[in-house]
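Structure file query-v2.txt with compact mmCIF, C-alpha atoms:
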# COMPACT_ATOMS: atom_id res chain seq x y z
CA MET P 164 43.16 144.95 11.53
CA ASN P 165 40.00 144.64 9.43
CA LYS P 166 36.59 146.06 10.29
CA HIS P 167 35.16 142.79 11.63
CA ALA P 168 38.08 142.26 14.00
CA ILE P 169 37.83 145.88 15.17
CA ALA P 170 34.08 145.48 15.69
CA ALA P 171 34.76 142.41 17.84
CA VAL P 172 37.16 144.43 20.02
CA LEU P 173 34.60 147.21 20.39
CA ASN P 174 31.91 144.73 21.37
CA GLU P 175 34.19 143.08 23.92
CA THR P 176 35.08 146.51 25.29
CA GLY P 177 31.37 147.19 25.79
CA VAL P 178 30.94 143.90 27.63
CA LEU P 179 33.95 144.56 29.86
CA LEU P 180 32.65 148.04 30.68
CA GLU P 181 29.32 146.48 31.63
CA LEU P 182 31.14 144.07 33.92
CA LYS P 183 32.63 147.11 35.63
CA ASN P 184 29.16 148.67 35.90
CA GLU P 185 30.14 151.64 33.75
CA ASN P 186 27.60 154.13 32.42
CA VAL P 187 25.03 152.34 30.26
CA PHE P 188 25.30 154.97 27.51
CA LYS P 189 29.05 154.42 27.31
CA VAL P 190 28.48 150.68 27.00
CA ARG P 191 25.90 151.18 24.26
CA ALA P 192 28.23 153.50 22.36
CA TYR P 193 30.79 150.73 21.88
CA HIS P 194 28.17 148.24 20.72
CA ALA P 195 26.70 150.85 18.38
CA GLY P 196 30.14 151.54 16.94
CA ALA P 197 30.68 147.83 16.36
CA ARG P 198 27.36 147.53 14.54
CA ALA P 199 28.24 150.52 12.39
CA LEU P 200 31.55 148.95 11.37
CA ASP P 201 29.98 145.58 10.59
CA ALA P 202 27.45 147.31 8.32
CA LEU P 203 30.06 149.47 6.55
CA ASP P 204 30.04 148.86 2.79
CA GLU P 205 33.22 150.80 2.04
CA ASP P 206 36.83 149.93 2.66
CA LEU P 207 37.60 151.01 6.22
CA GLY P 208 41.14 152.09 5.37
CA THR P 209 39.83 154.44 2.70
CA VAL P 210 37.25 155.93 5.07
CA ILE P 211 39.94 156.56 7.70
CA ALA P 212 42.40 158.00 5.21
CA GLU P 213 39.81 160.43 3.89
CA GLY P 214 38.84 161.51 7.42
CA ARG P 215 35.22 160.38 7.04
CA LEU P 216 35.00 157.99 9.98
CA GLN P 217 32.94 160.37 12.12
CA GLU P 218 30.43 160.76 9.31
CA ILE P 219 29.26 157.21 10.04
CA LYS P 220 26.24 157.16 12.35
CA GLY P 221 27.19 155.71 15.72
CA ILE P 222 30.87 156.72 15.58
CA GLY P 223 31.94 159.85 17.45
CA GLU P 224 35.32 161.48 17.89
CA ALA P 225 36.53 159.29 20.78
CA LEU P 226 35.45 156.07 19.11
CA ALA P 227 36.93 157.16 15.78
CA LYS P 228 40.35 157.58 17.42
CA LYS P 229 40.16 154.09 18.92
CA ILE P 230 39.10 152.54 15.61
CA SER P 231 41.95 154.31 13.84
CA GLU P 232 44.41 153.05 16.46
CA LEU P 233 43.20 149.48 16.04
CA HIS P 234 43.32 149.71 12.26
CA ALA P 235 46.84 151.11 12.25
CA THR P 236 48.46 149.05 15.02
CA GLY P 237 46.22 146.07 15.70
CA ARG P 238 46.16 147.06 19.37
CA LEU P 239 44.12 149.36 21.60
CA GLU P 240 45.82 150.54 24.77
CA PHE P 241 42.49 151.43 26.41
CA PHE P 242 41.12 147.93 25.78
CA GLU P 243 44.25 146.25 27.11
CA ARG P 244 44.19 148.31 30.32
CA LEU P 245 40.47 147.63 30.75
CA LYS P 246 40.90 143.89 30.29
CA ALA P 247 43.81 143.81 32.73
CA SER P 248 41.68 145.56 35.37
CA ILE P 249 39.07 142.79 35.45
CA PRO P 250 39.73 139.42 37.13
CA PRO P 251 40.25 136.93 34.28
CA GLY P 252 37.81 134.52 35.91
CA LEU P 253 34.95 136.99 35.41
CA VAL P 254 35.72 137.25 31.71
CA GLU P 255 35.82 133.46 31.50
CA LEU P 256 32.31 133.31 32.98
CA LEU P 257 31.03 134.97 29.81
CA GLU P 258 31.69 131.67 28.04
CA ILE P 259 28.75 130.09 29.89
CA PRO P 260 25.58 130.19 27.73
CA GLY P 261 22.90 132.43 29.20
CA LEU P 262 25.30 134.27 31.47
CA GLY P 263 25.79 137.92 30.56
CA ALA P 264 27.65 140.79 32.15
CA LYS P 265 24.78 141.88 34.42
CA LYS P 266 24.30 138.44 35.96
CA ILE P 267 28.02 137.94 36.34
CA ARG P 268 28.21 141.21 38.24
CA VAL P 269 25.44 140.04 40.58
CA LEU P 270 27.16 136.70 41.15
CA HIS P 271 30.44 138.45 41.89
CA GLU P 272 28.99 141.10 44.18
CA GLN P 273 26.59 138.89 46.15
CA LEU P 274 28.34 135.52 46.20
CA GLY P 275 31.94 136.51 45.55
CA ILE P 276 32.12 134.29 42.48
CA ARG P 277 35.24 134.88 40.38
CA SER P 278 35.57 131.67 38.36
CA ILE P 279 33.63 128.92 36.62
CA GLU P 280 34.67 126.48 39.33
CA GLN P 281 33.22 128.74 42.04
CA LEU P 282 30.03 129.15 40.01
CA ALA P 283 29.65 125.38 39.65
CA ARG P 284 30.08 124.95 43.39
CA ALA P 285 27.55 127.69 44.19
CA CYS P 286 25.01 126.14 41.80
CA ALA P 287 25.55 122.67 43.26
CA GLU P 288 24.95 124.09 46.75
CA GLY P 289 21.78 125.88 45.63
CA ARG P 290 23.04 129.36 46.44
CA VAL P 291 22.54 130.77 42.95
CA ALA P 292 18.83 129.90 42.90
CA GLY P 293 18.26 132.20 45.87
CA LEU P 294 19.45 135.31 44.06
CA ASP P 295 16.96 137.80 42.64
CA GLY P 296 16.58 137.32 38.90
CA PHE P 297 17.96 133.77 38.91
CA GLY P 298 15.85 130.95 40.40
CA ALA P 299 16.08 127.16 40.22
CA LYS P 300 15.64 126.94 36.43
CA THR P 301 18.41 129.44 35.74
CA GLN P 302 20.66 127.61 38.18
CA GLU P 303 20.07 124.31 36.37
CA LYS P 304 20.71 125.94 32.97
CA LEU P 305 23.99 127.38 34.26
CA LEU P 306 25.06 123.93 35.46
CA ALA P 307 24.19 122.48 32.06
CA GLY P 308 26.13 125.28 30.37
CA ILE P 309 29.17 124.55 32.50
CA ARG P 310 28.96 120.85 31.65
CA ASN P 311 28.69 121.63 27.94
CA ARG P 312 31.28 124.42 27.93
CA GLU P 313 33.98 122.38 26.25
CA ALA P 314 31.66 121.38 23.42
CA TYR P 315 30.36 124.93 23.00
CA GLY P 316 33.88 126.31 22.88
CA ARG P 317 35.09 124.07 20.08
CA ARG P 318 35.47 125.13 16.49
CA TYR P 319 34.76 122.78 13.60
CA LEU P 320 36.23 122.30 10.17
CA TRP P 321 34.29 124.18 7.50
CA TRP P 322 33.14 120.99 5.77
CA ASP P 323 31.77 119.50 9.00
CA ALA P 324 29.94 122.72 9.84
CA PHE P 325 28.57 122.93 6.29
CA ALA P 326 27.17 119.42 6.61
CA VAL P 327 25.21 120.50 9.69
CA ALA P 328 24.12 123.85 8.25
CA GLU P 329 22.82 122.72 4.86
CA PRO P 330 19.79 120.75 6.15
CA ILE P 331 18.85 123.70 8.37
CA LEU P 332 19.10 126.15 5.48
CA HIS P 333 17.11 123.80 3.23
CA GLY P 334 14.42 123.51 5.91
CA LEU P 335 14.21 127.27 6.37
CA ARG P 336 13.87 127.83 2.64
CA GLY P 337 11.07 125.26 2.55
CA LEU P 338 8.86 127.10 5.03
CA PRO P 339 5.93 128.93 3.37
CA GLN P 340 6.55 132.11 5.37
CA VAL P 341 10.18 132.44 4.21
CA ARG P 342 10.99 134.60 1.22
CA ARG P 343 14.74 134.13 1.41
CA ALA P 344 17.29 132.45 3.68
CA GLU P 345 21.09 132.49 3.55
CA HIS P 346 24.14 131.39 5.50
CA ALA P 347 26.03 134.11 7.37
CA GLY P 348 29.08 134.48 9.58
CA SER P 349 32.19 132.28 9.40
CA LEU P 350 30.55 129.65 7.21
CA ARG P 351 29.55 132.14 4.52
CA ARG P 352 33.00 133.77 4.62
CA GLY P 353 34.61 130.37 4.04
CA LEU P 354 36.85 130.40 7.11
CA GLU P 355 38.74 127.18 7.79
CA THR P 356 36.97 126.64 11.10
CA VAL P 357 33.48 127.56 12.31
CA GLY P 358 32.32 128.01 15.89
CA ASP P 359 28.63 128.75 15.36
CA LEU P 360 26.15 128.61 12.51
CA ASP P 361 24.48 131.89 11.54
CA PHE P 362 21.48 132.39 9.26
CA ILE P 363 19.69 135.45 7.91
CA VAL P 364 16.04 134.95 7.02
CA ALA P 365 13.54 137.26 5.30
CA ALA P 366 10.01 136.23 6.25
CA GLU P 367 6.46 137.52 6.17
CA ASP P 368 5.55 135.98 9.54
CA TRP P 369 8.25 135.42 12.15
CA ALA P 370 6.53 133.30 14.80
CA PRO P 371 6.22 130.01 12.85
CA VAL P 372 9.78 130.32 11.58
CA VAL P 373 11.43 130.84 14.96
CA GLU P 374 9.30 128.04 16.39
CA TRP P 375 10.45 125.69 13.63
CA PHE P 376 14.02 126.74 14.24
CA ALA P 377 13.85 125.90 17.95
CA THR P 378 11.93 122.62 17.64
CA ARG P 379 13.70 120.94 14.74
CA PRO P 380 14.98 117.38 15.36
CA GLY P 381 18.39 117.30 16.99
CA VAL P 382 18.05 120.44 19.09
CA VAL P 383 19.01 119.58 22.65
CA GLU P 384 18.81 123.04 24.18
CA VAL P 385 17.45 126.52 23.44
CA THR P 386 19.77 128.99 25.13
CA ALA P 387 18.11 132.26 24.04
CA ARG P 388 14.60 133.20 22.97
CA GLY P 389 13.05 136.28 21.42
CA LYS P 390 10.35 137.26 18.96
CA ARG P 391 12.83 137.12 16.10
CA ARG P 392 15.65 135.08 17.57
CA ARG P 393 16.38 131.59 18.79
CA VAL P 394 19.79 130.29 19.79
CA CYS P 395 19.91 126.50 19.81
CA ALA P 396 22.44 123.81 20.66
CA LEU P 397 22.86 120.63 18.64
CA PRO P 398 24.62 117.44 19.77
CA VAL P 399 27.53 118.30 17.46
CA ALA P 400 27.88 121.54 19.45
CA CYS P 401 27.82 123.76 16.35
CA ARG P 402 25.14 126.12 17.64
CA PRO P 403 22.80 127.62 15.04
CA THR P 404 21.35 131.10 15.40
CA SER P 405 18.79 132.79 13.21
CA ALA P 406 17.76 136.37 12.52
CA LEU P 407 14.46 137.28 10.91
CA CYS P 408 13.22 140.34 9.08
CA ARG P 409 10.45 141.44 6.81
CA PRO P 410 11.54 141.39 3.15
CA THR P 411 10.76 145.08 2.67
CA SER P 412 12.48 146.33 5.83
CA SER P 413 16.05 146.56 7.02
CA TYR P 414 17.38 143.21 8.10
CA THR P 415 18.95 142.33 11.42
CA ARG P 416 21.77 139.87 11.75
CA PHE P 417 22.48 138.14 15.02
CA THR P 418 25.68 136.25 15.65
CA ILE P 419 27.35 134.68 18.65
CA SER P 420 30.84 135.69 19.62
CA PRO P 421 32.87 132.49 20.18
CA ALA P 422 34.92 134.21 22.88
CA ARG P 423 32.01 135.48 24.95
CA ARG P 424 28.90 133.56 23.89
CA SER P 425 27.02 136.85 23.94
CA ILE P 426 24.55 138.06 21.33
CA MET P 427 25.61 140.90 19.05
CA CYS P 428 23.24 142.67 16.69
CA SER P 429 24.26 144.17 13.36
CA CYS P 430 21.74 146.14 11.32
CA ALA P 431 22.13 147.20 7.71
CA SER P 432 20.09 149.17 5.20
CA GLY P 433 17.19 147.43 3.52
CA ARG P 434 18.79 148.34 0.18
CA ARG P 435 21.15 145.44 0.74
CA SER P 436 19.68 141.98 0.31
CA ALA P 437 19.96 139.36 3.01
CA GLY P 438 22.26 137.42 0.74
CA SER P 439 24.83 140.19 0.59
CA ALA P 440 25.60 140.22 4.29
Using structure tokens, write down the structure that the file contains.
Amino acid sequence: MNKHAIAAVLNETGVLLELKNENVFKVRAYHAGARALDALDEDLGTVIAEGRLQEIKGIGEALAKKISELHATGRLEFFERLKASIPPGLVELLEIPGLGAKKIRVLHEQLGIRSIEQLARACAEGRVAGLDGFGAKTQEKLLAGIRNREAYGRRYLWWDAFAVAEPILHGLRGLPQVRRAEHAGSLRRGLETVGDLDFIVAAEDWAPVVEWFATRPGVVEVTARGKRRRVCALPVACRPTSALCRPTSSYTRFTISPARRSIMCSCASGRRSAGSA
């Protein structure tokens, strides 16, 4: 199993632990380990063989053993037991845009929701809006996410995804604040199918760039907002995400996991250019 696949398992483990309301530091450790692997410049097999895995910041002894197990066997017994201990319906709820582990836990504990069908019913009856931290707007967004779930879950042929991504990349490169912009994720790696569009952008001023990203023609929904991040949905359902950084600093890459629709952050040294991600 390669480093990206292992990182995905570690991230999913962190999400599952959060669903079980495990210690927040334990949850963060798995996400930190995943980020460390994604940013690793060396061959993972070589690092493991030479016993240098624990020298990587963010990877301790326990995590190193799990990474080694995944690399050698393609399986992780701890992950499989953890996944089996959680009702599959709760994991499926992670596919709904805007619904993370914390909110799923609230829905499960307070409304007994264990599936997307039960969530849709609770939203339609107005019960979700009454929960602390939700409200009518969140309830409507969840309903929209459920309706669009099939489109969000699809993967597209590389050529079709490229046709959607190129105008976005061209537009980003044309903004005066942008020093450099590149494709990332599955599209850049040339995989046969692409679930989401990822971009890395180096910019002097973030605000105008993220605003452009979220308000470009064709965007039908903005599912996540932040100072440096926007996650948007297009009618073709290939959702673009962007990450922004100052050209002289380390860059941050945000991607969306097709299986969970949750944001993952991967940071790398500023010595690497945005184009080398």
To one decimal in Å, tell me the separation between atom CA of Thr209 of chain P and atom CA of Ser231 of chain P. 11.3 Å
What lies within 9 Å of Tyr193 of chain P using all atoms listed in the file, ignoring chain neighbours under 4 positions off, as a PyMOL selection string? chain P and resi 170+173-178+188-189+197-198+221-222+226
Atom CA of Glu218 of chain P to atom CA of Glu205 of chain P, straight-line distance in Å: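 Atom CA of Glu218 of chain P lies 12.6 Å from atom CA of Glu205 of chain P.
Nearest residue to Leu262 of chain P among P:Ala370, P:Ala283, P:Ala377, P:Leu305 is P:Leu305, counting all atoms listed in the file.
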